[in-house]
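Structure data (CSV, C-alpha atoms and all ligand atoms) from data-v3.csv:
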```
chain,number,residue,atom,x,y,z
V,1,SER,CA,-77.0,-5.7,-15.3
V,2,VAL,CA,-77.1,-9.4,-14.5
V,3,ALA,CA,-78.3,-9.9,-18.0
V,4,MET,CA,-75.5,-7.8,-19.2
V,5,LEU,CA,-72.9,-9.8,-17.3
V,6,GLY,CA,-74.4,-12.9,-18.7
V,7,ALA,CA,-74.1,-11.5,-22.2
V,8,LEU,CA,-70.5,-10.6,-21.5
V,9,SER,CA,-69.5,-14.0,-20.3
V,10,GLY,CA,-71.4,-15.4,-23.2
V,11,GLY,CA,-69.4,-13.2,-25.5
V,12,GLY,CA,-66.2,-14.4,-24.0
V,13,ILE,CA,-65.1,-11.3,-22.2
V,14,SER,CA,-64.2,-11.9,-18.6
V,15,LEU,CA,-65.4,-9.6,-16.0
V,16,ALA,CA,-61.8,-8.8,-15.1
V,17,VAL,CA,-61.1,-7.6,-18.7
V,18,PHE,CA,-64.4,-5.7,-18.8
V,19,LEU,CA,-63.6,-3.9,-15.6
V,20,TYR,CA,-60.0,-3.2,-16.7
V,21,ARG,CA,-61.3,-1.7,-20.0
V,22,TYR,CA,-64.3,0.2,-18.8
V,23,GLY,CA,-64.2,0.3,-15.0
V,24,PRO,CA,-63.0,3.1,-12.9
V,25,ARG,CA,-59.3,3.3,-13.5
V,26,PRO,CA,-57.3,6.2,-12.0
V,27,PHE,CA,-57.1,8.9,-14.6
V,28,SER,CA,-53.3,9.1,-14.2
V,29,GLU,CA,-53.3,5.5,-15.4
V,30,LYS,CA,-55.0,6.6,-18.6
V,31,VAL,CA,-52.5,9.3,-19.0
V,32,ARG,CA,-49.6,6.9,-18.5
V,33,GLN,CA,-51.3,4.5,-21.0
V,34,ALA,CA,-51.8,7.2,-23.6
V,35,ILE,CA,-48.1,8.0,-23.4
V,36,ASP,CA,-47.1,4.3,-23.6
V,37,ASP,CA,-49.3,4.0,-26.6
V,38,GLY,CA,-47.5,6.8,-28.4
V,39,ARG,CA,-50.3,9.2,-28.3
V,40,LEU,CA,-48.2,12.2,-27.3
V,41,THR,CA,-47.6,14.5,-30.2
V,42,LEU,CA,-46.3,18.1,-30.6
V,43,VAL,CA,-47.6,21.3,-32.0
V,44,TYR,CA,-45.5,24.4,-32.6
V,45,GLN,CA,-46.3,28.0,-32.1
V,46,PRO,CA,-44.4,30.8,-33.8
V,47,LEU,CA,-42.3,33.3,-31.8
V,48,VAL,CA,-42.0,36.5,-33.7
V,49,ARG,CA,-40.2,39.8,-33.3
V,50,VAL,CA,-43.1,42.1,-32.5
V,51,HIS,CA,-41.6,45.0,-34.4
V,52,ASP,CA,-41.4,43.4,-37.9
V,53,ARG,CA,-43.1,40.1,-37.3
V,54,LYS,CA,-40.1,38.1,-38.4
V,55,MET,CA,-40.4,34.6,-37.1
V,56,ILE,CA,-37.4,33.9,-34.9
V,57,GLY,CA,-38.4,30.5,-33.6
V,58,VAL,CA,-41.2,28.2,-32.2
V,59,GLU,CA,-42.3,26.8,-28.9
V,60,ALA,CA,-43.0,23.1,-28.8
V,61,LEU,CA,-46.3,22.3,-27.0
V,62,ALA,CA,-47.3,18.7,-26.0
V,63,ARG,CA,-50.7,17.2,-27.0
V,64,LEU,CA,-52.1,14.0,-25.8
V,65,THR,CA,-55.3,12.1,-26.8
V,66,ASP,CA,-57.0,9.3,-24.9
V,67,GLU,CA,-57.9,6.0,-26.4
V,68,TYR,CA,-61.1,7.5,-27.9
V,69,GLY,CA,-59.2,10.2,-29.6
V,70,GLU,CA,-60.3,12.9,-27.2
V,71,ASN,CA,-57.8,15.6,-26.2
V,72,ILE,CA,-56.5,15.7,-22.7
V,73,SER,CA,-55.5,19.2,-21.7
V,74,PRO,CA,-51.8,19.7,-21.2
V,75,ASP,CA,-52.5,21.5,-18.0
V,76,VAL,CA,-54.1,18.3,-16.8
V,77,PHE,CA,-51.6,15.6,-18.1
V,78,ILE,CA,-48.5,17.6,-17.3
V,79,LYS,CA,-49.6,18.1,-13.7
V,80,MET,CA,-50.5,14.4,-13.5
V,81,ALA,CA,-47.2,13.3,-14.8
V,82,GLU,CA,-45.4,15.6,-12.4
V,83,ASP,CA,-47.4,14.3,-9.4
V,84,GLY,CA,-47.2,10.7,-10.7
V,85,GLY,CA,-43.4,10.9,-11.2
V,86,PHE,CA,-43.4,10.2,-14.9
V,87,ILE,CA,-42.8,13.7,-16.3
V,88,ASP,CA,-39.3,12.6,-17.4
V,89,ARG,CA,-41.0,10.2,-19.9
V,90,ILE,CA,-42.8,13.2,-21.4
V,91,ALA,CA,-39.6,15.3,-21.4
V,92,ARG,CA,-37.7,12.7,-23.3
V,93,ILE,CA,-40.4,12.2,-25.9
V,94,VAL,CA,-40.8,15.9,-26.4
V,95,ILE,CA,-37.1,16.5,-26.8
V,96,LYS,CA,-36.7,13.6,-29.3
V,97,THR,CA,-39.7,14.6,-31.3
V,98,ALA,CA,-39.1,18.4,-31.3
V,99,LEU,CA,-35.5,18.0,-32.5
V,100,ARG,CA,-36.5,15.6,-35.2
V,101,GLU,CA,-39.4,17.6,-36.4
V,102,MET,CA,-37.6,21.0,-36.2
V,103,ARG,CA,-34.3,19.8,-37.6
V,104,SER,CA,-34.7,21.2,-41.0
V,105,ASN,CA,-35.9,24.5,-39.6
V,106,LEU,CA,-33.0,24.7,-37.2
V,107,GLN,CA,-30.1,23.5,-39.4
V,108,GLY,CA,-28.2,26.4,-40.9
V,109,ALA,CA,-30.5,29.0,-39.4
V,110,THR,CA,-28.6,30.2,-36.4
V,111,ASN,CA,-31.3,32.8,-35.7
V,112,PHE,CA,-34.0,30.2,-35.4
V,113,HIS,CA,-34.8,28.8,-32.0
V,114,CYS,CA,-36.9,26.0,-30.6
V,115,GLY,CA,-38.4,26.4,-27.1
V,116,ILE,CA,-39.0,23.3,-25.0
V,117,ASN,CA,-40.9,23.3,-21.7
V,118,LEU,CA,-39.2,21.5,-18.9
V,119,SER,CA,-40.4,20.8,-15.4
V,120,THR,CA,-38.2,21.5,-12.5
V,121,ASN,CA,-37.7,17.8,-11.9
V,122,ASP,CA,-36.3,17.5,-15.4
V,123,ILE,CA,-33.8,20.2,-14.8
V,124,LEU,CA,-32.7,18.6,-11.5
V,125,ASP,CA,-32.0,15.3,-13.3
V,126,PRO,CA,-28.5,15.2,-14.7
V,127,ALA,CA,-29.4,12.2,-16.9
V,128,LEU,CA,-31.9,14.4,-18.7
V,129,CYS,CA,-29.2,16.9,-19.5
V,130,ASP,CA,-27.1,14.1,-21.0
V,131,PHE,CA,-30.0,12.8,-22.9
V,132,LEU,CA,-30.7,16.3,-24.4
V,133,ASP,CA,-27.1,16.7,-25.3
V,134,GLN,CA,-27.0,13.3,-27.0
V,135,GLU,CA,-30.1,14.0,-29.0
V,136,VAL,CA,-28.9,17.4,-30.1
V,137,LYS,CA,-25.6,16.0,-31.2
V,138,SER,CA,-27.1,13.0,-33.0
V,139,GLN,CA,-29.4,15.4,-35.0
V,140,GLY,CA,-26.4,17.6,-35.8
V,141,LEU,CA,-27.9,20.6,-34.1
V,142,ASP,CA,-26.4,23.5,-32.1
V,143,PRO,CA,-27.4,23.7,-28.4
V,144,ARG,CA,-27.5,27.5,-28.7
V,145,GLN,CA,-30.7,27.1,-30.8
V,146,ILE,CA,-32.5,25.3,-28.0
V,147,ILE,CA,-34.3,27.3,-25.3
V,148,LEU,CA,-35.5,25.6,-22.2
V,149,GLU,CA,-38.6,27.2,-20.6
V,150,VAL,CA,-38.9,26.9,-16.9
V,151,THR,CA,-41.4,28.1,-14.3
V,152,GLU,CA,-40.9,29.3,-10.8
V,153,ARG,CA,-43.9,27.4,-9.4
V,154,SER,CA,-41.8,24.7,-7.9
V,155,THR,CA,-40.8,24.2,-4.3
V,156,ALA,CA,-37.3,23.0,-5.3
V,157,ASP,CA,-34.3,24.3,-3.4
V,158,PRO,CA,-33.3,27.4,-5.4
V,159,ASP,CA,-29.6,26.9,-5.0
V,160,GLN,CA,-29.9,23.3,-6.3
V,161,LEU,CA,-32.0,24.5,-9.2
V,162,ILE,CA,-29.6,27.2,-10.1
V,163,SER,CA,-26.6,24.9,-10.1
V,164,SER,CA,-28.5,22.4,-12.3
V,165,MET,CA,-29.4,25.2,-14.7
V,166,GLU,CA,-25.8,26.1,-14.8
V,167,THR,CA,-24.9,22.6,-16.1
V,168,PHE,CA,-27.3,23.1,-19.1
V,169,ARG,CA,-26.0,26.6,-19.6
V,170,GLN,CA,-22.4,25.4,-19.7
V,171,ARG,CA,-23.3,23.1,-22.6
V,172,GLY,CA,-24.8,26.0,-24.5
V,173,TYR,CA,-28.6,25.8,-23.7
V,174,ALA,CA,-30.5,28.9,-22.7
V,175,PHE,CA,-33.4,29.3,-20.3
V,176,TYR,CA,-36.5,31.5,-20.4
V,177,LEU,CA,-38.5,32.0,-17.2
V,178,ASP,CA,-42.0,31.0,-18.2
V,179,ASP,CA,-45.4,32.4,-16.9
V,180,PHE,CA,-43.6,35.4,-15.4
V,181,GLY,CA,-45.8,37.5,-13.1
V,182,THR,CA,-47.8,34.5,-11.8
V,183,GLY,CA,-46.8,32.6,-8.7
V,184,TYR,CA,-44.2,34.1,-6.4
V,185,SER,CA,-41.8,36.1,-8.5
V,186,ASN,CA,-39.1,37.0,-6.2
V,187,LEU,CA,-37.1,39.8,-7.8
V,188,SER,CA,-33.9,39.4,-5.8
V,189,HIS,CA,-34.0,35.7,-6.7
V,190,LEU,CA,-34.6,36.6,-10.4
V,191,ALA,CA,-31.3,38.4,-10.7
V,192,GLN,CA,-29.6,35.2,-9.6
V,193,LEU,CA,-31.3,32.9,-12.0
V,194,PRO,CA,-29.1,31.9,-15.0
V,195,ILE,CA,-31.8,32.9,-17.5
V,196,SER,CA,-31.7,34.8,-20.9
V,197,GLY,CA,-35.3,35.9,-21.0
V,198,ILE,CA,-38.6,36.3,-19.3
V,199,LYS,CA,-42.0,35.4,-20.7
V,200,LEU,CA,-44.7,37.7,-19.5
V,201,ASP,CA,-47.7,35.5,-18.7
V,202,ARG,CA,-50.6,35.9,-21.1
V,203,MET,CA,-52.9,36.9,-18.3
V,204,PHE,CA,-51.3,40.3,-18.3
V,205,THR,CA,-51.3,40.6,-22.0
V,206,GLN,CA,-55.0,40.0,-22.1
V,207,ALA,CA,-55.5,42.8,-19.6
V,208,ILE,CA,-53.8,45.3,-21.9
V,209,GLY,CA,-56.4,47.9,-23.0
V,210,LYS,CA,-58.9,46.5,-20.5
V,211,GLU,CA,-57.6,46.9,-17.1
V,212,ALA,CA,-55.0,49.5,-15.9
V,213,MET,CA,-53.3,46.8,-13.8
V,214,GLY,CA,-52.4,44.7,-16.9
V,215,SER,CA,-50.6,47.6,-18.6
V,216,THR,CA,-48.8,48.6,-15.3
V,217,ILE,CA,-47.5,45.0,-14.9
V,218,ALA,CA,-46.4,44.8,-18.5
V,219,GLU,CA,-44.5,48.1,-18.1
V,220,ASN,CA,-42.9,47.0,-14.9
V,221,VAL,CA,-41.8,43.6,-16.3
V,222,CYS,CA,-40.4,45.4,-19.3
V,223,SER,CA,-38.3,47.6,-17.0
V,224,VAL,CA,-37.1,44.6,-15.1
V,225,ALA,CA,-36.1,42.9,-18.3
V,226,LYS,CA,-34.2,45.9,-19.4
V,227,ALA,CA,-32.5,46.4,-16.1
V,228,LEU,CA,-31.4,42.8,-16.0
V,229,LYS,CA,-30.6,42.7,-19.8
V,230,LEU,CA,-33.0,39.9,-20.4
V,231,GLN,CA,-35.0,39.2,-23.5
V,232,LEU,CA,-38.7,40.1,-23.0
V,233,ILE,CA,-41.2,37.6,-24.5
V,234,VAL,CA,-44.8,38.5,-24.4
V,235,GLU,CA,-47.3,35.6,-24.4
V,236,GLY,CA,-50.9,35.6,-25.6
V,237,ILE,CA,-50.9,38.4,-28.1
V,238,GLU,CA,-54.3,38.1,-29.7
V,239,THR,CA,-55.1,41.6,-31.1
V,240,GLU,CA,-53.4,44.3,-33.1
V,241,GLU,CA,-54.0,46.7,-30.2
V,242,GLN,CA,-51.9,44.4,-27.8
V,243,ALA,CA,-49.2,44.1,-30.4
V,244,ALA,CA,-49.0,47.9,-30.9
V,245,TYR,CA,-48.8,48.4,-27.2
V,246,VAL,CA,-46.0,45.9,-26.8
V,247,ASP,CA,-44.1,47.4,-29.7
V,248,ASP,CA,-44.3,50.8,-28.0
V,249,LEU,CA,-43.1,49.3,-24.8
V,250,SER,CA,-40.1,47.5,-26.2
V,251,PRO,CA,-38.9,47.5,-29.8
V,252,THR,CA,-36.9,44.3,-29.2
V,253,ALA,CA,-39.8,42.3,-27.6
V,254,ILE,CA,-40.6,38.9,-28.9
V,255,GLY,CA,-44.3,38.0,-29.2
V,256,GLN,CA,-46.3,34.8,-29.2
V,257,GLY,CA,-50.0,34.5,-29.6
V,258,TRP,CA,-53.0,33.8,-31.9
V,259,LEU,CA,-52.3,37.1,-33.8
V,260,TYR,CA,-49.1,35.5,-35.1
V,261,GLY,CA,-50.2,31.9,-35.2
V,262,LYS,CA,-51.8,29.2,-33.2
V,263,PRO,CA,-49.9,26.1,-32.3
V,264,VAL,CA,-49.8,23.7,-35.3
V,265,PRO,CA,-48.2,20.4,-36.3
V,266,ALA,CA,-44.8,20.7,-37.8
V,267,ASN,CA,-45.9,20.2,-41.4
V,268,LYS,CA,-48.4,23.1,-41.1
V,269,LEU,CA,-45.8,25.5,-39.8
V,270,GLN,CA,-45.0,28.5,-42.1
V,271,ARG,CA,-41.5,30.0,-41.9
V,272,HIS,CA,-42.8,33.5,-42.2
V,273,THR,CA,-46.1,34.7,-40.7
V,274,PRO,CA,-47.8,36.9,-43.2
V,275,ARG,CA,-48.9,40.4,-42.0
V,301,LIG,P1,-47.2,27.6,-21.6
V,301,LIG,O1,-45.8,27.1,-21.6
V,301,LIG,O2,-47.5,28.9,-20.9
V,301,LIG,O3,-47.7,27.6,-23.1
V,301,LIG,C1,-48.4,28.6,-23.7
V,301,LIG,C2,-49.9,28.3,-23.7
V,301,LIG,O4,-50.6,29.4,-24.1
V,301,LIG,C3,-50.2,27.2,-24.6
V,301,LIG,O5,-51.3,26.4,-24.0
V,301,LIG,C4,-50.7,27.9,-25.8
V,301,LIG,O6,-51.6,27.1,-26.6
V,301,LIG,C5,-51.5,29.1,-25.2
V,301,LIG,N1,-51.6,30.2,-26.1
V,301,LIG,C6,-50.7,30.7,-27.0
V,301,LIG,N2,-51.1,31.8,-27.6
V,301,LIG,C7,-52.2,32.2,-27.0
V,301,LIG,C8,-53.2,33.2,-27.2
V,301,LIG,O7,-53.0,34.2,-28.0
V,301,LIG,N3,-54.3,33.3,-26.4
V,301,LIG,C9,-54.5,32.3,-25.5
V,301,LIG,N4,-55.7,32.4,-24.8
V,301,LIG,N5,-53.7,31.2,-25.3
V,301,LIG,C10,-52.6,31.2,-26.1
V,301,LIG,P2,-51.3,24.9,-24.0
V,301,LIG,O8,-50.7,24.3,-25.2
V,301,LIG,O9,-52.7,24.5,-23.6
V,301,LIG,O10,-50.2,24.5,-22.8
V,301,LIG,C11,-50.5,24.7,-21.5
V,301,LIG,C12,-49.3,24.5,-20.6
V,301,LIG,O11,-48.9,23.1,-20.6
V,301,LIG,C13,-48.1,25.2,-21.2
V,301,LIG,O12,-48.2,26.6,-20.9
V,301,LIG,C14,-47.0,24.5,-20.4
V,301,LIG,O13,-46.9,25.0,-19.1
V,301,LIG,C15,-47.6,23.1,-20.3
V,301,LIG,N6,-46.9,22.3,-21.4
V,301,LIG,C16,-47.2,22.1,-22.7
V,301,LIG,N7,-46.3,21.3,-23.3
V,301,LIG,C17,-45.4,20.9,-22.3
V,301,LIG,C18,-44.3,20.0,-22.3
V,301,LIG,O14,-43.9,19.5,-23.4
V,301,LIG,N8,-43.6,19.9,-21.1
V,301,LIG,C19,-44.0,20.5,-20.0
V,301,LIG,N9,-43.3,20.3,-18.9
V,301,LIG,N10,-45.1,21.3,-20.0
V,301,LIG,C20,-45.8,21.5,-21.1
V,302,CA,CA,-43.9,27.7,-22.2
V,303,CA,CA,-46.4,30.6,-20.3
```
So that I can check it, write out the structure of this file as structure tokens.
Amino acid sequence: SVAMLGALSGGGISLAVFLYRYGPRPFSEKVRQAIDDGRLTLVYQPLVRVHDRKMIGVEALARLTDEYGENISPDVFIKMAEDGGFIDRIARIVIKTALREMRSNLQGATNFHCGINLSTNDILDPALCDFLDQEVKSQGLDPRQIILEVTERSTADPDQLISSMETFRQRGYAFYLDDFGTGYSNLSHLAQLPISGIKLDRMFTQAIGKEAMGSTIAENVCSVAKALKLQLIVEGIETEEQAAYVDDLSPTAIGQGWLYGKPVPANKLQRHTPR
């Protein structure tokens, strides 16, 4: 390695630069850099009415590649951005990109929606609500076509979260509660949340037809949705069997999953999913 260092200095690269490029940098720095370098992109996954498979919208999902073009999993970089305090940067890029890329799908199609994932910190930030509103207006879109997906995972003060959600709601945005059934789903709390729908986590969908528990939970979540007059969205539908089961459970259910379409870039998105 002495020879290597010699070669390096001979080649004109300083040790400092070498270490900066190839040395151990915190992974969160790589994530931050990737975002700064504009390597955050979006893919879109169709949301369909399970009963007739009509596409009623999409969910925008973030993708990030490192400097070598390798994908960094969203579960990893989202967590890192939340912990590192730069999730707002992602939220802003996602909002801007999704509205621009989905504009032609949204304009004049009042039944078509675009789902955007937000972290609790984003919802608690009044500046983000203003940013979203500005972007929606500048693209000539209707807030009622934007659905904000939130999870319950957070430790935020529920009252504060609810009042922040109300601010978005007053401006016409709707919320879906994401990953429902995981984490601590407090039912009394659920009735208070200003949401329009619940998304059953794919972990339960995947258990349909395999484990009795999966179907029981799906049935119970469906009853809860009905009782609270919430739209039911079922994630992770991969098989015809799961689709048939969900259709039996609720004729108004919305489905999302590989059966209907994997997440794809905007230019690969088809308006109607063939049967
Ligand atoms: P999520 O919001 O629950 O998104 C749905 C995840 O399920 C996506 O994973 C999607 O690719 C995957 N999926 C969809 N259909 C199927 C299926 O039929 N089978 C299986 N096995 N999986 C399916 P993805 O894209 O890896 O995203 C992971 C998570 O990262 C998301 O989960 C969401 O929590 C988070 N995320 C993604 N984009 C954003 C973003 O822009 N902002 C924030 N805050 N979080 C995001
Ligand atoms: Ca989601
Ligand atoms: Ca989910």
Review point. How would you write as a PyMOL selection string the residues that get within 12 Å of (-38.9, 11.8, -23.3) in the file's frame, counting only C-alpha atoms?
Key: chain V and resi 35-36+38+40-41+62+81+86-99+116-118+122+127-129+131-132+135
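Considering the residues V:Gln139, V:Ser215, V:Gln242, V:Ser119 and counting only C-alpha atoms and all ligand atoms, ligand LIG 301 (chain V) has its shortest atom-to-atom contact with V:Ser119.
CA of Tyr176 (chain V) sits 4.8 Å away from CA of Glu149 (chain V).
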Exercise for review: Can you tell me which residues come within 7 Å of ligand LIG 301 (chain V) when counting all atoms listed in the file, ideally as an NGL selection string?
Suggested key: :V and (60-62 or 73-75 or 78 or 90-91 or 94 or 116-119 or 178-179 or 201-202 or 235-238 or 256-259 or 262-263)
Dump of C-alpha atoms for the selected residues, as a short mmCIF file (atom, residue, chain, number, x, y, z; two decimals), keeping the file's coordinate frame:
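Once everything was written out, this is selection37.cif:
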```cif
data_model
loop_
_atom_site.label_atom_id
_atom_site.label_comp_id
_atom_site.auth_asym_id
_atom_site.auth_seq_id
_atom_site.Cartn_x
_atom_site.Cartn_y
_atom_site.Cartn_z
CA ALA V 60 -43.00 23.10 -28.80
CA LEU V 61 -46.30 22.30 -27.00
CA ALA V 62 -47.30 18.70 -26.00
CA SER V 73 -55.50 19.20 -21.70
CA PRO V 74 -51.80 19.70 -21.20
CA ASP V 75 -52.50 21.50 -18.00
CA ILE V 78 -48.50 17.60 -17.30
CA ILE V 90 -42.80 13.20 -21.40
CA ALA V 91 -39.60 15.30 -21.40
CA VAL V 94 -40.80 15.90 -26.40
CA ILE V 116 -39.00 23.30 -25.00
CA ASN V 117 -40.90 23.30 -21.70
CA LEU V 118 -39.20 21.50 -18.90
CA SER V 119 -40.40 20.80 -15.40
CA ASP V 178 -42.00 31.00 -18.20
CA ASP V 179 -45.40 32.40 -16.90
CA ASP V 201 -47.70 35.50 -18.70
CA ARG V 202 -50.60 35.90 -21.10
CA GLU V 235 -47.30 35.60 -24.40
CA GLY V 236 -50.90 35.60 -25.60
CA ILE V 237 -50.90 38.40 -28.10
CA GLU V 238 -54.30 38.10 -29.70
CA GLN V 256 -46.30 34.80 -29.20
CA GLY V 257 -50.00 34.50 -29.60
CA TRP V 258 -53.00 33.80 -31.90
CA LEU V 259 -52.30 37.10 -33.80
CA LYS V 262 -51.80 29.20 -33.20
CA PRO V 263 -49.90 26.10 -32.30
#
```
Polymer residues at most 10 Å from Ala225 (chain V), all atoms listed in the file, same-chain spacing of 3 or more positions, as a short mmCIF file (atom, residue, chain, number, x, y, z; two decimals) with C-alpha atoms, keeping the file's coordinate frame:
```
data_model
loop_
_atom_site.label_atom_id
_atom_site.label_comp_id
_atom_site.auth_asym_id
_atom_site.auth_seq_id
_atom_site.Cartn_x
_atom_site.Cartn_y
_atom_site.Cartn_z
CA SER V 196 -31.70 34.80 -20.90
CA GLY V 197 -35.30 35.90 -21.00
CA ILE V 198 -38.60 36.30 -19.30
CA LYS V 199 -42.00 35.40 -20.70
CA GLU V 219 -44.50 48.10 -18.10
CA ASN V 220 -42.90 47.00 -14.90
CA VAL V 221 -41.80 43.60 -16.30
CA CYS V 222 -40.40 45.40 -19.30
CA LEU V 228 -31.40 42.80 -16.00
CA LYS V 229 -30.60 42.70 -19.80
CA LEU V 230 -33.00 39.90 -20.40
CA GLN V 231 -35.00 39.20 -23.50
CA LEU V 232 -38.70 40.10 -23.00
CA ILE V 233 -41.20 37.60 -24.50
CA SER V 250 -40.10 47.50 -26.20
#
```
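The residue that comes closest to ligand CA 302 (chain V), out of V:Gly84, V:Gly115, V:Gly57, V:Pro158 and on the basis of only C-alpha atoms and all ligand atoms, is V:Gly115.
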Practice item. Report the distance between CA of Arg144 (chain V) and CA of Pro265 (chain V) in Å, rounded to one decimal place. Key: 23.2 Å
